[in-house]
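A.B. asks: The structure's right below; bear with me while I get my questions together.
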Amino acid sequence: MTRTKSAKIGFVFQSSALYDSMTVRENLEFALRRHGKGKSKAEVNALVEETLSNVGLAHAVELMPSELSGGMRKRIGLARSLVLKPEIMLYDEPTTGLDPITAK
């Protein structure tokens with residue numbers, strides 16, 4: 001994957017900063033459409049599914065942000081950054097609002 005300079009750094013906002021009018025899938029695909037040039041639809045779909053599985057939310061792929069709990073929104077925000085496989089991650093209070101088991 002050819003990366004732009006901005007895709008080398010991932011940032012997770014404290015409030016998750018999800019797009020309210022997009023499903024979970026669309027929120028993750030947005031980052032890939034913006035920075036993952038040259039990816040086929042199948043590759044994008046596989047990356048979205050893998051990343052959601054990694055944060056334990058594969059079942060939430062078609063939900064809207066308003067249908068998610070606060071902790072789920074936080075994990076989707078994390079997934080949106082991770083889907084680009086950045087070299088460096090910056091977090092703004094990543095575990096605030098998460099239960100101790102999920103925070104680990």
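Here, A, B, ... name the chains of the structure tokens in the order displayed, residue numbers run from 1 inside each chain, and ligands are numbered from 1 in the same displayed order.
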Excluding same-chain residues fewer than 2 positions from Thr23 of chain A, what lies within 6 Å of it counting only C-alpha atoms, as a PDB file with all heavy atoms, in the first residue's frame?
C.D. replies:
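The file below, result.pdb, is the result:
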```
ATOM      1  N   ARG A  25     -19.134   0.304   9.201  1.00  0.00           N
ATOM      2  CA  ARG A  25     -18.368  -0.072   7.994  1.00  0.00           C
ATOM      3  C   ARG A  25     -17.942   1.170   7.219  1.00  0.00           C
ATOM      4  O   ARG A  25     -16.787   1.316   6.829  1.00  0.00           O
ATOM      5  CB  ARG A  25     -19.199  -0.977   7.082  1.00  0.00           C
ATOM      6  CG  ARG A  25     -18.499  -1.312   5.757  1.00  0.00           C
ATOM      7  CD  ARG A  25     -19.391  -2.074   4.798  1.00  0.00           C
ATOM      8  NE  ARG A  25     -19.852  -3.320   5.358  1.00  0.00           N
ATOM      9  CZ  ARG A  25     -19.131  -4.449   5.460  1.00  0.00           C
ATOM     10  NH1 ARG A  25     -17.876  -4.452   5.028  1.00  0.00           N
ATOM     11  NH2 ARG A  25     -19.640  -5.536   5.952  1.00  0.00           N
ATOM     12  N   GLU A  26     -18.876   2.086   6.997  1.00  0.00           N
ATOM     13  CA  GLU A  26     -18.577   3.282   6.222  1.00  0.00           C
ATOM     14  C   GLU A  26     -17.551   4.177   6.919  1.00  0.00           C
ATOM     15  O   GLU A  26     -16.730   4.808   6.261  1.00  0.00           O
ATOM     16  CB  GLU A  26     -19.861   4.059   5.938  1.00  0.00           C
ATOM     17  CG  GLU A  26     -20.786   3.333   4.982  1.00  0.00           C
ATOM     18  CD  GLU A  26     -22.189   3.904   4.949  1.00  0.00           C
ATOM     19  OE1 GLU A  26     -22.633   4.534   5.940  1.00  0.00           O
ATOM     20  OE2 GLU A  26     -22.858   3.708   3.909  1.00  0.00           O
ATOM     21  N   GLU A  62     -22.685  -3.130  10.580  1.00  0.00           N
ATOM     22  CA  GLU A  62     -23.746  -2.379   9.900  1.00  0.00           C
ATOM     23  C   GLU A  62     -24.515  -1.443  10.827  1.00  0.00           C
ATOM     24  O   GLU A  62     -25.504  -0.844  10.417  1.00  0.00           O
ATOM     25  CB  GLU A  62     -24.713  -3.346   9.200  1.00  0.00           C
ATOM     26  CG  GLU A  62     -24.067  -4.188   8.110  1.00  0.00           C
ATOM     27  CD  GLU A  62     -23.372  -3.372   7.010  1.00  0.00           C
ATOM     28  OE1 GLU A  62     -23.816  -2.241   6.703  1.00  0.00           O
ATOM     29  OE2 GLU A  62     -22.365  -3.869   6.463  1.00  0.00           O
ATOM     30  N   LEU A  63     -24.066  -1.278  12.065  1.00  0.00           N
ATOM     31  CA  LEU A  63     -24.747  -0.395  13.012  1.00  0.00           C
ATOM     32  C   LEU A  63     -24.344   1.061  12.781  1.00  0.00           C
ATOM     33  O   LEU A  63     -23.266   1.349  12.260  1.00  0.00           O
ATOM     34  CB  LEU A  63     -24.425  -0.794  14.449  1.00  0.00           C
ATOM     35  CG  LEU A  63     -24.906  -2.176  14.902  1.00  0.00           C
ATOM     36  CD1 LEU A  63     -24.474  -2.429  16.341  1.00  0.00           C
ATOM     37  CD2 LEU A  63     -26.414  -2.300  14.757  1.00  0.00           C
ATOM     38  N   MET A  64     -25.219   1.958  13.204  1.00  0.00           N
ATOM     39  CA  MET A  64     -24.931   3.383  13.181  1.00  0.00           C
ATOM     40  C   MET A  64     -24.306   3.766  14.523  1.00  0.00           C
ATOM     41  O   MET A  64     -24.569   3.108  15.535  1.00  0.00           O
ATOM     42  CB  MET A  64     -26.221   4.185  12.966  1.00  0.00           C
ATOM     43  CG  MET A  64     -26.929   3.897  11.655  1.00  0.00           C
ATOM     44  SD  MET A  64     -25.967   4.322  10.200  1.00  0.00           S
ATOM     45  CE  MET A  64     -26.041   6.101  10.236  1.00  0.00           C
TER      46      MET A  64
END
```
A.B. asks: As a PDB file with N, CA and C atoms, in the first residue's frame, please: the residues near Arg33 of chain A (cut-off 12 Å, only C-alpha atoms, same-chain neighbours under 4 positions excluded).
C.D. replies:
```pdb
ATOM      1  N   ARG A   3       1.440   4.847   1.079  1.00  0.00           N
ATOM      2  CA  ARG A   3       0.890   5.643   2.172  1.00  0.00           C
ATOM      3  C   ARG A   3       1.268   7.099   1.988  1.00  0.00           C
ATOM      4  N   ALA A   7      -0.990   9.111   6.699  1.00  0.00           N
ATOM      5  CA  ALA A   7      -1.450   7.761   7.004  1.00  0.00           C
ATOM      6  C   ALA A   7      -0.456   6.982   7.860  1.00  0.00           C
ATOM      7  N   ARG A  25     -19.134   0.304   9.201  1.00  0.00           N
ATOM      8  CA  ARG A  25     -18.368  -0.072   7.994  1.00  0.00           C
ATOM      9  C   ARG A  25     -17.942   1.170   7.219  1.00  0.00           C
ATOM     10  N   GLU A  26     -18.876   2.086   6.997  1.00  0.00           N
ATOM     11  CA  GLU A  26     -18.577   3.282   6.222  1.00  0.00           C
ATOM     12  C   GLU A  26     -17.551   4.177   6.919  1.00  0.00           C
ATOM     13  N   ASN A  27     -17.588   4.232   8.258  1.00  0.00           N
ATOM     14  CA  ASN A  27     -16.596   4.995   9.006  1.00  0.00           C
ATOM     15  C   ASN A  27     -15.195   4.448   8.765  1.00  0.00           C
ATOM     16  N   LEU A  28     -15.049   3.130   8.761  1.00  0.00           N
ATOM     17  CA  LEU A  28     -13.747   2.527   8.512  1.00  0.00           C
ATOM     18  C   LEU A  28     -13.346   2.626   7.045  1.00  0.00           C
ATOM     19  N   GLU A  29     -14.301   2.432   6.141  1.00  0.00           N
ATOM     20  CA  GLU A  29     -14.013   2.537   4.717  1.00  0.00           C
ATOM     21  C   GLU A  29     -13.592   3.950   4.333  1.00  0.00           C
ATOM     22  N   LYS A  37      -5.158   4.122  -1.254  1.00  0.00           N
ATOM     23  CA  LYS A  37      -5.301   4.125  -2.717  1.00  0.00           C
ATOM     24  C   LYS A  37      -4.904   2.778  -3.315  1.00  0.00           C
ATOM     25  N   GLY A  38      -5.667   2.357  -4.309  1.00  0.00           N
ATOM     26  CA  GLY A  38      -5.334   1.141  -5.021  1.00  0.00           C
ATOM     27  C   GLY A  38      -5.886  -0.134  -4.413  1.00  0.00           C
ATOM     28  N   LYS A  39      -6.652  -0.033  -3.349  1.00  0.00           N
ATOM     29  CA  LYS A  39      -7.236  -1.220  -2.718  1.00  0.00           C
ATOM     30  C   LYS A  39      -8.529  -1.594  -3.451  1.00  0.00           C
ATOM     31  N   SER A  40      -8.678  -2.880  -3.719  1.00  0.00           N
ATOM     32  CA  SER A  40      -9.915  -3.352  -4.332  1.00  0.00           C
ATOM     33  C   SER A  40     -11.021  -3.383  -3.280  1.00  0.00           C
ATOM     34  N   LYS A  41     -12.249  -3.496  -3.717  1.00  0.00           N
ATOM     35  CA  LYS A  41     -13.384  -3.565  -2.790  1.00  0.00           C
ATOM     36  C   LYS A  41     -13.238  -4.768  -1.860  1.00  0.00           C
ATOM     37  N   GLU A  43     -10.390  -6.175  -0.892  1.00  0.00           N
ATOM     38  CA  GLU A  43      -9.320  -5.879   0.068  1.00  0.00           C
ATOM     39  C   GLU A  43      -9.813  -4.941   1.165  1.00  0.00           C
ATOM     40  N   VAL A  44     -10.587  -3.935   0.786  1.00  0.00           N
ATOM     41  CA  VAL A  44     -11.148  -2.991   1.757  1.00  0.00           C
ATOM     42  C   VAL A  44     -12.068  -3.732   2.713  1.00  0.00           C
ATOM     43  N   ASN A  45     -12.935  -4.573   2.173  1.00  0.00           N
ATOM     44  CA  ASN A  45     -13.868  -5.340   3.000  1.00  0.00           C
ATOM     45  C   ASN A  45     -13.117  -6.253   3.973  1.00  0.00           C
ATOM     46  N   LEU A  47     -10.064  -5.841   5.171  1.00  0.00           N
ATOM     47  CA  LEU A  47      -9.411  -5.013   6.182  1.00  0.00           C
ATOM     48  C   LEU A  47     -10.412  -4.533   7.232  1.00  0.00           C
ATOM     49  N   VAL A  48     -11.588  -4.129   6.789  1.00  0.00           N
ATOM     50  CA  VAL A  48     -12.632  -3.674   7.715  1.00  0.00           C
ATOM     51  C   VAL A  48     -13.031  -4.810   8.648  1.00  0.00           C
ATOM     52  N   ARG A  80     -10.969   2.602  13.411  1.00  0.00           N
ATOM     53  CA  ARG A  80     -10.838   3.490  12.249  1.00  0.00           C
ATOM     54  C   ARG A  80      -9.387   3.932  12.063  1.00  0.00           C
ATOM     55  N   VAL A  83      -7.201   0.554  11.016  1.00  0.00           N
ATOM     56  CA  VAL A  83      -7.450  -0.031   9.701  1.00  0.00           C
ATOM     57  C   VAL A  83      -6.381   0.398   8.684  1.00  0.00           C
ATOM     58  N   LEU A  84      -5.752   1.532   8.928  1.00  0.00           N
ATOM     59  CA  LEU A  84      -4.692   2.003   8.030  1.00  0.00           C
ATOM     60  C   LEU A  84      -3.324   1.439   8.371  1.00  0.00           C
TER      61      LEU A  84
END
```
A.B. asks: Using only C-alpha atoms, which of the listed residues (A:His59, A:Arg73, A:Arg34, A:Lys85) sits closest to Lys8 of chain A?
C.D. replies: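 Of A:His59, A:Arg73, A:Arg34, A:Lys85, the one nearest Lys8 of chain A, counting only C-alpha atoms, is A:Lys85.
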A.B. asks: Residues at most 12 Å from Ser66 of chain A, counting only C-alpha atoms, excluding those fewer than 3 positions away in the same chain, as number ranges by chain?
C.D. replies: A: 18-24, 60, 62-63, 69-70, 72-73
A.B. asks: Under the rule that only C-alpha atoms are counted, which of A:Leu52, A:Val61, A:Val12, A:Ala42 is the nearest residue to Leu78 of chain A?
C.D. replies: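 Counting only C-alpha atoms, the residue closest to Leu78 of chain A is A:Val12.
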A.B. asks: How many Å lie between atom CA of Ala58 of chain A and atom CA of Gly71 of chain A, rounded to one decimal?
C.D. replies: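 Atom-to-atom, atom CA of Ala58 of chain A to atom CA of Gly71 of chain A, that is 14.5 Å.
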A.B. asks: Interatomic distance between atom CA of Ala46 of chain A and atom CA of Pro100 of chain A?
C.D. replies: 29.1 Å
A.B. asks: What does the distance between atom CA of Pro65 of chain A and atom CA of Ile88 of chain A come to in Å, to one decimal place?
C.D. replies: 25.6 Å
A.B. asks: Quick check for you: according to DSSP on this backbone, which residues of segment 11-69 of chain A are classed as helix (DSSP H, G or I)? Reply as number ranges by chain.
C.D. replies: A: 24-35, 41-54, 58-60, 65-67
